[in-house]
$ cat query.cif   # mmCIF, C-alpha atoms
data_data
loop_
_atom_site.label_atom_id
_atom_site.label_comp_id
_atom_site.auth_asym_id
_atom_site.auth_seq_id
_atom_site.Cartn_x
_atom_site.Cartn_y
_atom_site.Cartn_z
CA MET R 1 70.98 -33.27 258.51
CA GLY R 2 74.06 -35.36 257.85
CA ASN R 3 75.13 -37.06 254.64
CA LEU R 4 72.32 -35.67 252.58
CA PHE R 5 71.47 -37.35 249.29
CA CYS R 6 69.43 -34.65 247.62
CA LYS R 7 68.11 -35.73 244.27
CA GLY R 8 65.25 -35.93 241.84
CA LYS R 9 63.86 -39.14 240.43
CA ASN R 10 66.26 -42.07 240.11
CA TYR R 11 68.00 -42.00 236.79
CA SER R 12 68.88 -44.95 234.59
CA ARG R 13 72.19 -44.57 232.78
CA TRP R 14 70.75 -46.54 229.90
CA LYS R 15 67.93 -44.08 229.30
CA ARG R 16 69.61 -40.79 228.63
CA ARG R 17 67.55 -37.66 228.71
CA PRO R 18 68.60 -34.42 226.99
CA MET R 19 71.14 -32.79 229.22
CA MET R 20 69.45 -29.40 228.81
CA SER R 21 66.38 -30.55 230.75
CA PHE R 22 67.57 -29.15 234.05
CA ILE R 23 64.03 -28.44 235.29
CA HIS R 24 61.23 -30.95 235.22
CA HIS R 25 57.76 -29.53 234.62
CA GLN R 26 54.68 -31.55 235.39
CA SER R 27 52.04 -31.33 232.69
CA SER R 28 49.14 -31.99 235.03
CA PRO R 29 48.46 -31.86 238.77
CA SER R 30 48.25 -35.66 238.83
CA ASP R 31 51.89 -36.05 237.74
CA HIS R 32 54.28 -36.96 240.54
CA HIS R 33 56.28 -34.08 241.92
CA ILE R 34 58.17 -33.35 245.10
CA GLY R 35 58.89 -29.64 244.73
CA ILE R 36 62.00 -28.16 246.33
CA ARG R 37 63.45 -30.14 249.22
CA THR R 38 64.50 -28.00 252.16
CA VAL R 39 67.86 -28.98 253.62
CA GLU R 40 69.43 -28.04 256.92
CA ALA R 41 73.08 -27.05 256.71
CA GLU R 42 75.64 -29.15 258.61
CA ASN R 43 77.83 -26.14 259.50
CA ALA R 44 81.01 -28.19 259.21
CA CYS R 45 83.13 -28.92 256.16
CA ASN R 46 85.40 -31.94 255.92
CA PHE R 47 87.50 -30.30 253.26
CA SER R 48 90.20 -32.55 251.75
CA THR R 49 89.37 -35.46 254.07
CA HIS R 50 85.89 -36.83 253.43
CA SER R 51 84.93 -35.06 250.19
CA ASP R 52 86.04 -35.36 246.59
CA LEU R 53 85.08 -31.78 245.76
CA CYS R 54 84.04 -28.76 247.82
CA ILE R 55 82.37 -25.79 246.14
CA SER R 56 81.80 -22.30 247.47
CA ILE R 57 78.92 -20.61 245.64
CA ALA R 58 77.88 -16.95 245.72
CA THR R 59 75.24 -14.89 243.93
CA TRP R 60 74.76 -11.15 244.05
CA ASN R 61 72.69 -8.58 242.21
CA MET R 62 75.16 -5.68 242.29
CA ASN R 63 72.79 -2.94 241.10
CA GLY R 64 75.53 -1.61 238.81
CA GLN R 65 78.06 -0.94 241.57
CA VAL R 66 81.28 -2.69 242.57
CA SER R 67 84.05 -2.17 245.09
CA PHE R 68 87.07 -4.28 245.96
CA GLU R 69 86.26 -4.16 249.68
CA GLU R 70 82.80 -5.64 249.22
CA LEU R 71 83.97 -8.31 246.79
CA ALA R 72 86.70 -9.25 249.28
CA ASP R 73 84.09 -9.46 252.05
CA MET R 74 81.89 -11.64 249.86
CA VAL R 75 84.74 -14.04 248.97
CA GLY R 76 85.91 -14.08 252.59
CA SER R 77 89.15 -15.44 254.02
CA ASN R 78 88.10 -19.11 254.23
CA ARG R 79 89.72 -21.08 251.41
CA GLU R 80 88.34 -24.51 252.27
CA PHE R 81 86.99 -25.11 248.78
CA ASP R 82 88.23 -26.49 245.48
CA ILE R 83 85.99 -24.39 243.23
CA LEU R 84 84.54 -20.93 243.78
CA ALA R 85 81.50 -20.18 241.61
CA VAL R 86 80.30 -16.57 241.58
CA GLY R 87 77.27 -15.32 239.69
CA PHE R 88 76.48 -11.63 239.30
CA GLN R 89 73.41 -9.83 238.05
CA GLU R 90 73.36 -6.13 237.14
CA ALA R 91 77.16 -6.18 237.28
CA PRO R 92 79.25 -3.39 235.75
CA THR R 93 80.43 -4.39 232.29
CA GLY R 94 84.06 -4.74 231.35
CA THR R 95 86.88 -6.66 233.02
CA LYS R 96 86.85 -4.81 236.33
CA VAL R 97 84.76 -7.36 238.24
CA ALA R 98 86.90 -10.32 237.19
CA THR R 99 90.09 -8.46 238.03
CA LEU R 100 88.85 -7.44 241.47
CA LEU R 101 87.67 -10.99 242.20
CA GLN R 102 91.08 -12.38 241.31
CA GLN R 103 92.74 -9.82 243.58
CA ALA R 104 90.34 -10.68 246.42
CA LEU R 105 91.48 -14.33 246.24
CA HIS R 106 95.11 -13.29 246.91
CA GLY R 107 96.50 -15.86 244.51
CA THR R 108 95.05 -18.96 246.19
CA HIS R 109 92.76 -19.66 243.22
CA THR R 110 92.82 -18.72 239.56
CA MET R 111 90.06 -18.28 237.01
CA ILE R 112 89.24 -21.50 235.15
CA GLY R 113 86.08 -20.42 233.38
CA LYS R 114 83.79 -17.48 232.73
CA VAL R 115 80.75 -16.56 230.70
CA ILE R 116 79.42 -13.02 230.33
CA MET R 117 76.22 -11.67 228.80
CA GLY R 118 76.28 -7.96 229.53
CA SER R 119 75.53 -7.43 233.21
CA LEU R 120 74.86 -11.15 233.76
CA GLN R 121 78.16 -12.84 234.63
CA LEU R 122 79.41 -16.18 235.94
CA TYR R 123 82.96 -16.97 237.04
CA LEU R 124 84.67 -20.17 238.19
CA PHE R 125 87.92 -20.20 240.15
CA GLY R 126 90.04 -23.22 241.04
CA PRO R 127 93.49 -24.07 242.40
CA SER R 128 96.51 -23.10 240.33
CA ASN R 129 96.86 -26.71 239.13
CA ALA R 130 93.15 -27.09 238.34
CA ARG R 131 93.48 -27.32 234.58
CA SER R 132 95.06 -30.78 234.71
CA SER R 133 91.85 -31.99 236.43
CA ILE R 134 89.46 -30.58 233.81
CA THR R 135 88.36 -32.87 230.98
CA GLU R 136 85.46 -30.74 229.76
CA LEU R 137 84.59 -27.06 229.95
CA LYS R 138 81.77 -25.52 227.93
CA VAL R 139 79.81 -22.30 228.27
CA ASP R 140 76.43 -21.13 227.02
CA LYS R 141 74.05 -18.22 227.44
CA GLN R 142 70.36 -17.56 226.88
CA SER R 143 68.75 -14.11 226.89
CA ILE R 144 65.09 -13.45 227.63
CA GLY R 145 62.79 -10.46 227.44
CA GLY R 146 65.06 -7.85 225.91
CA PHE R 147 66.76 -5.64 228.46
CA GLY R 148 64.44 -6.07 231.42
CA GLY R 149 63.30 -2.47 231.20
CA ILE R 150 66.72 -0.93 231.76
CA ILE R 151 69.35 -0.75 229.04
CA GLY R 152 72.34 -2.95 229.86
CA ARG R 153 70.65 -4.91 232.64
CA LYS R 154 70.27 -8.18 230.85
CA LYS R 155 67.75 -10.86 231.81
CA GLY R 156 68.31 -14.51 231.07
CA ALA R 157 70.95 -17.05 232.09
CA VAL R 158 74.61 -17.89 231.61
CA ALA R 159 75.99 -21.36 232.25
CA ILE R 160 79.18 -23.39 232.53
CA ARG R 161 79.39 -27.15 232.16
CA ILE R 162 82.57 -28.62 233.63
CA ASN R 163 84.02 -32.04 234.33
CA TYR R 164 86.38 -31.56 237.25
CA LYS R 165 88.12 -34.58 238.76
CA GLY R 166 85.53 -36.81 237.12
CA ILE R 167 82.58 -34.93 238.60
CA ARG R 168 80.28 -33.44 235.97
CA ILE R 169 78.70 -30.15 237.08
CA VAL R 170 76.45 -27.61 235.40
CA PHE R 171 76.40 -24.11 236.90
CA ILE R 172 73.52 -21.83 235.85
CA SER R 173 73.32 -18.19 236.91
CA CYS R 174 70.15 -16.34 236.00
CA HIS R 175 68.25 -13.08 236.29
CA LEU R 176 64.50 -13.45 235.80
CA SER R 177 61.68 -10.95 235.31
CA ALA R 178 60.82 -8.64 238.19
CA HIS R 179 57.55 -7.76 239.96
CA ALA R 180 55.35 -9.92 242.17
CA ARG R 181 52.62 -10.30 239.54
CA LYS R 182 54.89 -11.97 236.97
CA VAL R 183 54.96 -15.43 238.53
CA GLU R 184 53.91 -17.30 235.40
CA GLU R 185 56.40 -15.34 233.32
CA ARG R 186 59.22 -16.38 235.64
CA ASN R 187 58.04 -19.99 235.50
CA SER R 188 58.09 -19.87 231.72
CA GLU R 189 61.54 -18.29 231.69
CA CYS R 190 62.90 -21.04 233.94
CA ARG R 191 61.59 -23.73 231.63
CA HIS R 192 62.85 -21.93 228.52
CA ILE R 193 66.32 -21.53 230.00
CA SER R 194 66.35 -25.14 231.12
CA HIS R 195 65.53 -26.50 227.68
CA SER R 196 67.71 -24.06 225.74
CA LEU R 197 71.08 -24.18 227.48
CA PHE R 198 73.60 -26.49 225.79
CA SER R 199 70.93 -27.66 223.35
CA LYS R 200 72.64 -26.58 220.11
CA ASN R 201 75.34 -29.21 220.16
CA TRP R 202 73.65 -31.77 222.34
CA ASN R 203 75.06 -35.29 222.08
CA PRO R 204 72.38 -37.88 222.94
CA TYR R 205 75.13 -40.27 224.05
CA SER R 206 76.86 -37.84 226.39
CA ARG R 207 76.84 -38.63 230.06
CA PRO R 208 74.50 -36.47 232.15
CA SER R 209 75.90 -34.16 234.77
CA HIS R 210 76.13 -35.45 238.31
CA ILE R 211 74.77 -32.21 239.72
CA THR R 212 73.16 -28.98 238.54
CA ILE R 213 73.69 -25.84 240.62
CA TRP R 214 71.28 -23.01 239.82
CA LEU R 215 71.86 -19.58 241.35
CA GLY R 216 70.88 -15.99 240.77
CA ASP R 217 68.26 -13.32 241.18
CA LEU R 218 65.23 -15.48 240.48
CA ASN R 219 63.01 -12.54 241.47
CA TYR R 220 60.26 -14.63 243.11
CA ARG R 221 58.49 -12.55 245.74
CA LEU R 222 56.21 -13.00 248.75
CA GLN R 223 52.58 -13.69 247.91
CA GLY R 224 49.55 -12.68 249.96
CA ILE R 225 51.13 -10.39 252.54
CA ASP R 226 51.65 -6.62 252.64
CA THR R 227 54.95 -4.94 253.34
CA PHE R 228 54.39 -3.82 256.94
CA PRO R 229 53.09 -7.15 258.32
CA ALA R 230 56.03 -8.83 256.56
CA ARG R 231 58.54 -6.37 258.00
CA ASN R 232 57.06 -6.76 261.46
CA LEU R 233 57.71 -10.51 261.34
CA ILE R 234 61.26 -9.93 260.06
CA ASN R 235 62.01 -7.33 262.75
CA ASN R 236 60.92 -9.82 265.40
CA ASP R 237 63.09 -12.62 263.93
CA LEU R 238 59.98 -14.48 262.84
CA HIS R 239 60.75 -14.47 259.11
CA GLN R 240 60.44 -18.26 259.02
CA LYS R 241 56.69 -17.62 259.14
CA LEU R 242 57.03 -16.11 255.68
CA HIS R 243 58.29 -19.33 254.05
CA GLY R 244 54.75 -20.31 253.12
CA LYS R 245 54.34 -17.01 251.27
CA ASP R 246 57.42 -17.54 249.09
CA GLN R 247 56.44 -17.78 245.42
CA LEU R 248 59.39 -19.98 244.45
CA LEU R 249 58.49 -22.63 247.02
CA GLN R 250 54.81 -22.32 246.10
CA GLU R 251 55.41 -22.79 242.38
CA ALA R 252 57.79 -25.69 242.92
CA GLY R 253 55.21 -27.25 245.21
CA ARG R 254 52.65 -26.98 242.42
CA GLY R 255 55.03 -28.87 240.13
CA GLN R 256 55.72 -25.92 237.85
CA ILE R 257 59.50 -25.56 238.32
CA PHE R 258 62.57 -27.01 240.03
CA ASN R 259 61.12 -30.42 240.78
CA GLY R 260 63.56 -32.45 242.87
CA PHE R 261 65.94 -29.55 243.50
CA CYS R 262 67.26 -28.87 247.00
CA GLU R 263 67.74 -25.63 248.87
CA GLY R 264 69.06 -24.79 252.30
CA THR R 265 66.64 -23.59 254.93
CA LEU R 266 65.90 -19.88 254.60
CA THR R 267 67.22 -18.96 258.03
CA PHE R 268 68.39 -15.55 256.83
CA LYS R 269 66.22 -12.49 256.28
CA PRO R 270 64.81 -11.67 252.83
CA THR R 271 67.60 -10.28 250.67
CA TYR R 272 65.63 -7.60 248.78
CA LYS R 273 64.87 -4.67 248.67
CA TYR R 274 67.22 -2.56 250.78
CA ASN R 275 68.13 1.10 250.71
CA LYS R 276 71.56 1.23 249.12
CA GLY R 277 74.28 1.79 251.67
CA SER R 278 72.29 0.37 254.56
CA SER R 279 70.55 -2.70 255.95
CA ASN R 280 67.20 -0.95 256.05
CA TYR R 281 64.41 -2.15 253.82
CA ASP R 282 63.04 0.07 251.07
CA THR R 283 61.77 3.45 252.32
CA SER R 284 60.93 4.84 248.88
CA TYR R 285 57.34 5.60 247.98
CA LYS R 286 57.01 2.01 246.74
CA VAL R 287 57.93 0.49 250.14
CA ARG R 288 58.36 -2.88 248.44
CA VAL R 289 57.55 -6.08 250.26
CA PRO R 290 60.83 -7.77 251.28
CA ALA R 291 61.54 -11.02 249.42
CA TRP R 292 64.04 -13.85 249.03
CA THR R 293 64.78 -12.99 245.41
CA ASP R 294 68.36 -14.31 245.54
CA ARG R 295 68.70 -18.09 245.76
CA ILE R 296 71.03 -21.06 245.34
CA LEU R 297 69.50 -24.43 244.41
CA PHE R 298 71.05 -27.76 243.48
CA LYS R 299 69.94 -31.11 242.12
CA ILE R 300 71.69 -34.46 242.02
CA GLU R 301 70.60 -36.64 239.14
CA ASP R 302 71.26 -40.05 240.65
CA GLU R 303 71.77 -40.74 244.34
CA SER R 304 73.68 -43.92 243.56
CA ASP R 305 76.42 -41.85 241.88
CA ILE R 306 77.15 -39.01 244.25
CA GLU R 307 76.47 -37.64 247.70
CA ALA R 308 76.03 -33.93 248.44
CA THR R 309 76.36 -32.24 251.80
CA LEU R 310 75.28 -28.65 252.30
CA ASN R 311 77.54 -27.02 254.88
CA SER R 312 76.17 -23.48 254.85
CA TYR R 313 73.51 -21.27 253.28
CA GLU R 314 73.52 -17.63 254.29
CA SER R 315 73.14 -14.02 253.26
CA MET R 316 75.79 -11.39 253.85
CA ASP R 317 73.97 -8.60 255.64
CA GLU R 318 77.12 -6.54 256.23
CA ILE R 319 77.50 -5.82 252.49
CA ASN R 320 75.51 -2.68 251.72
CA GLY R 321 76.54 -1.52 248.25
CA SER R 322 73.41 -2.78 246.49
CA ASP R 323 69.69 -3.03 247.10
CA HIS R 324 70.25 -6.82 247.30
CA LYS R 325 72.31 -8.79 249.80
CA PRO R 326 74.68 -11.46 248.46
CA VAL R 327 73.84 -15.09 249.18
CA LYS R 328 76.45 -17.82 249.70
CA ALA R 329 76.41 -21.59 250.00
CA HIS R 330 79.07 -24.22 250.65
CA LEU R 331 78.49 -27.64 249.10
CA CYS R 332 80.69 -30.74 249.35
CA LEU R 333 80.44 -33.67 246.93
CA LYS R 334 81.60 -37.26 247.19
CA LEU R 335 81.43 -39.89 244.46
CA ARG R 336 79.87 -43.03 245.87
CA GLN R 337 81.89 -45.63 243.96
CA ARG R 338 84.95 -43.60 242.98
CA ARG R 339 84.13 -43.98 239.30
CA LEU R 340 86.51 -41.20 238.38
CA LEU R 341 87.21 -40.77 234.71
CA PRO R 342 90.88 -40.81 233.66
CA ILE R 343 92.33 -37.32 233.59
CA ILE R 344 93.38 -36.24 230.12
CA GLU R 345 96.53 -34.23 230.72
CA ASN R 346 97.89 -33.88 227.21
CA SER R 347 94.81 -32.92 225.23
CA ASN R 348 95.73 -29.72 223.39
CA SER R 349 92.15 -29.12 222.32
CA ILE R 350 90.90 -29.07 225.90
CA ILE R 351 93.72 -26.90 227.19
CA ASN R 352 93.32 -24.47 224.30
CA ASN R 353 89.58 -24.28 224.95
CA ILE R 354 90.14 -23.50 228.63
CA ASN R 355 92.79 -20.90 227.81
CA GLU R 356 90.43 -19.22 225.35
CA ILE R 357 87.57 -19.10 227.86
CA SER R 358 89.77 -17.83 230.68
CA SER R 359 91.54 -15.15 228.64
#
$ encode --input "query.cif" --output "structure tokens"
Amino acid sequence: MGNLFCKGKNYSRWKRRPMMSFIHHQSSPSDHHIGIRTVEAENACNFSTHSDLCISIATWNMNGQVSFEELADMVGSNREFDILAVGFQEAPTGTKVATLLQQALHGTHTMIGKVIMGSLQLYLFGPSNARSSITELKVDKQSIGGFGGIIGRKKGAVAIRINYKGIRIVFISCHLSAHARKVEERNSECRHISHSLFSKNWNPYSRPSHITIWLGDLNYRLQGIDTFPARNLINNDLHQKLHGKDQLLQEAGRGQIFNGFCEGTLTFKPTYKYNKGSSNYDTSYKVRVPAWTDRILFKIEDESDIEATLNSYESMDEINGSDHKPVKAHLCLKLRQRRLLPIIENSNSIINNINEISS
């Protein structure tokens, strides 16, 4: 599907809404909603020719383990992107992850922003000259539900708001409550995160972001199917038949969450739960039903402002260090009318803020 304009409702610049309302929730079944729009990837990136900004996005629940080799495999050797956004859940604490990520990039990109809440981490990397193109960089975090049952494995969301080359982006990386039965709890957590992030210092006259990119271990499961029928479909490359069982798509279709967001087609196998060190699904006594717990969604606020093209959406089955598989997406953005804001190169306050965040 070429030149995709994936958006929610049209947005009037004269009627600003709070910028923390990243998810729209319908109050009644009669309210208009469109759910999550499924997008086919183009499989070709016109990096540096037909796009103003290309973003590589990755999310991975690391299950407390990290190795340089697997981070390098996740980042890959393709550098056809301006920004790399990486969200981790259940990541080891400390600076080790950030250091290994920087090493995996071999100097082509440097860290321009990060936000950490225990094991929930989000990093942004850009070209070495990226800071002269940044006119805003803010971070926020929102915890939910204590420790998620395991000390140090934080649930909630971390976020970065950035204006890069005149394109305003909000990145949200989250880890929501586990277990198939907790659908309503996850819905509530999504709405709470959406209305809480960046709400403390909200400026009603600030310009809304062009695009929101939401990634993470959302923990939505498959509904209404047992593990062995599900695995049989997956083993026969018929996992597309499970799309209708996906709780995230179901809840969005009911108008509960993520109205107007877009997601690539789930062509890859469910990313959870695997035996660590293998690509075999859970063989413990729980024999959990496989699920697409790990997702990357995006929403453009106004189609007249910006165009988004999804070039890829995939899992990385060859990475075996966790019980989750990483998920990656490649998204290219183009401003429709080239309404780029002037770049503020000499603002000490902005540069100091970026240096503080990146240190």
$ resolve_selection --input "query.cif" --expression "the PyMOL selection byres ((chain R and resi 227) around 10)" --output "short mmCIF file (atom, residue, chain, number, x, y, z; two decimals) with C-alpha atoms, in the frame of the given file"
data_model
loop_
_atom_site.label_atom_id
_atom_site.label_comp_id
_atom_site.auth_asym_id
_atom_site.auth_seq_id
_atom_site.Cartn_x
_atom_site.Cartn_y
_atom_site.Cartn_z
CA LEU R 222 56.21 -13.00 248.75
CA ILE R 225 51.13 -10.39 252.54
CA ASP R 226 51.65 -6.62 252.64
CA PHE R 228 54.39 -3.82 256.94
CA PRO R 229 53.09 -7.15 258.32
CA ALA R 230 56.03 -8.83 256.56
CA ARG R 231 58.54 -6.37 258.00
CA ASN R 232 57.06 -6.76 261.46
CA TYR R 281 64.41 -2.15 253.82
CA ASP R 282 63.04 0.07 251.07
CA LYS R 286 57.01 2.01 246.74
CA VAL R 287 57.93 0.49 250.14
CA ARG R 288 58.36 -2.88 248.44
CA VAL R 289 57.55 -6.08 250.26
CA PRO R 290 60.83 -7.77 251.28
CA ALA R 291 61.54 -11.02 249.42
#
$ closest_residue --input "query.cif" --among "R:Lys114, R:Lys245, R:Arg295, R:His195" --to "His175 in chain R" --atoms "all atoms listed in the file"
R:Arg295
$ closest_atom_pairs --input "query.cif" --of "range 232-256 of chain R" --to "range 297-315 of chain R" --cutoff "12 Å" --atoms "all atoms listed in the file" --output "CSV"
residue,atom,partner,partner_atom,distance
R:Leu248,CA,R:Leu297,CA,11.0
R:Leu249,CA,R:Leu297,CA,11.5
R:Ala252,CA,R:Leu297,CA,11.9
$ resolve_selection --input "query.cif" --expression "the PyMOL selection byres ((chain R and resi 267) around 9)" --output "PyMOL selection string"
chain R and resi 239-240+264-266+268-269+313-314
$ atom_distance --input "query.cif" --atom1 "CA of Ser177 in chain R" --atom2 "CA of Asn219 in chain R"
6.5 Å
$ atom_distance --input "query.cif" --atom1 "CA of Cys54 in chain R" --atom2 "CA of Leu120 in chain R"
24.3 Å
$ resolve_selection --input "query.cif" --expression "the PyMOL selection byres ((chain R and resi 49) around 12)" --output "number ranges by chain"
R: 45-48, 50-54, 80-81, 332-334
$ closest_residue --input "query.cif" --among "R:Asn280, R:Asn275, R:Gly64, R:Pro326" --to "Val86 in chain R" --atoms "all atoms listed in the file"
R:Pro326
$ residues_around --input "query.cif" --residues "Ser209 in chain R" --least-positions-apart "2" --cutoff "8 Å" --atoms "all atoms listed in the file" --output "ChimeraX atom specification"
/R:19,167-170,207,211-212,301
$ residues_near_point --input "query.cif" --point "(66.2, -28.5, 249.3)" --cutoff "7 Å" --atoms "only C-alpha atoms" --output "compact mmCIF listing (two decimals) with C-alpha atoms, in the frame of the given file"
# COMPACT_ATOMS: atom_id res chain seq x y z
CA ILE R 36 62.00 -28.16 246.33
CA ARG R 37 63.45 -30.14 249.22
CA THR R 38 64.50 -28.00 252.16
CA VAL R 39 67.86 -28.98 253.62
CA PHE R 261 65.94 -29.55 243.50
CA CYS R 262 67.26 -28.87 247.00
CA GLU R 263 67.74 -25.63 248.87
CA GLY R 264 69.06 -24.79 252.30
$ closest_residue --input "query.cif" --among "R:Arg254, R:Tyr123, R:Arg131, R:Leu84" --to "Thr108 in chain R" --atoms "only C-alpha atoms"
R:Leu84
$ residues_around --input "query.cif" --residues "Lys276 in chain R" --least-positions-apart "4" --cutoff "7 Å" --atoms "only C-alpha atoms" --output "list in words"
Asn320, Gly321, Ser322 and Asp323 of chain R
$ closest_residue --input "query.cif" --among "R:Ala178, R:Val75, R:Val139, R:Ile134" --to "Lys273 in chain R" --atoms "only C-alpha atoms"
R:Ala178
$ atom_distance --input "query.cif" --atom1 "CA of Trp292 in chain R" --atom2 "CA of Leu242 in chain R"
9.9 Å
$ closest_residue --input "query.cif" --among "R:Glu136, R:Leu122, R:Ala104, R:Cys190" --to "Ser206 in chain R" --atoms "all atoms listed in the file"
R:Glu136
$ closest_residue --input "query.cif" --among "R:Ala329, R:Leu215, R:Met117, R:Ala180" --to "Lys155 in chain R" --atoms "all atoms listed in the file"
R:Met117
$ residues_around --input "query.cif" --residues "Met111 in chain R" --least-positions-apart "6" --cutoff "8 Å" --atoms "only C-alpha atoms" --output "PyMOL selection string"
chain R and resi 102+123-126+358
$ residues_around --input "query.cif" --residues "Ile144 in chain R" --least-positions-apart "6" --cutoff "10 Å" --atoms "only C-alpha atoms" --output "list in words"
Lys154, Lys155, Gly156, Ala157, His175, Leu176, Ser177, Glu189, His192 and Ile193 of chain R
$ write_last_selection --input "query.cif" --atoms "C-alpha atoms" --output "PDB file, in the frame of the given file"
ATOM      1  CA  LYS R 154      70.270  -8.180 230.850  1.00  0.00           C
ATOM      2  CA  LYS R 155      67.750 -10.860 231.810  1.00  0.00           C
ATOM      3  CA  GLY R 156      68.310 -14.510 231.070  1.00  0.00           C
ATOM      4  CA  ALA R 157      70.950 -17.050 232.090  1.00  0.00           C
ATOM      5  CA  HIS R 175      68.250 -13.080 236.290  1.00  0.00           C
ATOM      6  CA  LEU R 176      64.500 -13.450 235.800  1.00  0.00           C
ATOM      7  CA  SER R 177      61.680 -10.950 235.310  1.00  0.00           C
ATOM      8  CA  GLU R 189      61.540 -18.290 231.690  1.00  0.00           C
ATOM      9  CA  HIS R 192      62.850 -21.930 228.520  1.00  0.00           C
ATOM     10  CA  ILE R 193      66.320 -21.530 230.000  1.00  0.00           C
TER      11      ILE R 193
END
$ decode --input "query.cif" --residues "range 251-256 of chain R" --atoms "all heavy atoms" --output "mmCIF file, in the first residue's frame"
data_model
loop_
_atom_site.group_PDB
_atom_site.id
_atom_site.type_symbol
_atom_site.label_atom_id
_atom_site.label_comp_id
_atom_site.auth_asym_id
_atom_site.auth_seq_id
_atom_site.Cartn_x
_atom_site.Cartn_y
_atom_site.Cartn_z
ATOM 1 N N GLU R 251 -10.224 -5.100 21.164
ATOM 2 C CA GLU R 251 -10.547 -3.970 22.040
ATOM 3 C C GLU R 251 -10.532 -2.644 21.282
ATOM 4 O O GLU R 251 -11.358 -1.760 21.533
ATOM 5 C CB GLU R 251 -9.577 -3.917 23.219
ATOM 6 C CG GLU R 251 -9.698 -5.104 24.162
ATOM 7 C CD GLU R 251 -11.113 -5.282 24.676
ATOM 8 O OE1 GLU R 251 -11.628 -4.350 25.322
ATOM 9 O OE2 GLU R 251 -11.706 -6.339 24.404
ATOM 10 N N ALA R 252 -9.601 -2.505 20.355
ATOM 11 C CA ALA R 252 -9.597 -1.308 19.516
ATOM 12 C C ALA R 252 -10.847 -1.268 18.637
ATOM 13 O O ALA R 252 -11.436 -0.203 18.434
ATOM 14 C CB ALA R 252 -8.335 -1.269 18.656
ATOM 15 N N GLY R 253 -11.253 -2.418 18.141
ATOM 16 C CA GLY R 253 -12.460 -2.482 17.332
ATOM 17 C C GLY R 253 -13.713 -2.127 18.114
ATOM 18 O O GLY R 253 -14.694 -1.619 17.538
ATOM 19 N N ARG R 254 -13.689 -2.372 19.419
ATOM 20 C CA ARG R 254 -14.820 -2.005 20.275
ATOM 21 C C ARG R 254 -14.771 -0.537 20.679
ATOM 22 O O ARG R 254 -15.680 -0.042 21.356
ATOM 23 C CB ARG R 254 -14.817 -2.864 21.549
ATOM 24 C CG ARG R 254 -15.147 -4.323 21.345
ATOM 25 C CD ARG R 254 -15.587 -4.995 22.638
ATOM 26 N NE ARG R 254 -14.670 -4.798 23.746
ATOM 27 C CZ ARG R 254 -15.010 -4.218 24.904
ATOM 28 N NH1 ARG R 254 -16.233 -3.749 25.090
ATOM 29 N NH2 ARG R 254 -14.124 -4.106 25.878
ATOM 30 N N GLY R 255 -13.710 0.164 20.274
ATOM 31 C CA GLY R 255 -13.595 1.578 20.599
ATOM 32 C C GLY R 255 -13.038 1.856 21.970
ATOM 33 O O GLY R 255 -13.167 2.967 22.482
ATOM 34 N N GLN R 256 -12.358 0.868 22.582
ATOM 35 C CA GLN R 256 -11.846 1.048 23.925
ATOM 36 C C GLN R 256 -10.476 1.730 23.946
ATOM 37 O O GLN R 256 -10.171 2.485 24.865
ATOM 38 C CB GLN R 256 -11.744 -0.305 24.636
ATOM 39 C CG GLN R 256 -13.091 -0.986 24.838
ATOM 40 C CD GLN R 256 -14.020 -0.131 25.682
ATOM 41 O OE1 GLN R 256 -13.700 0.235 26.806
ATOM 42 N NE2 GLN R 256 -15.176 0.208 25.124
#
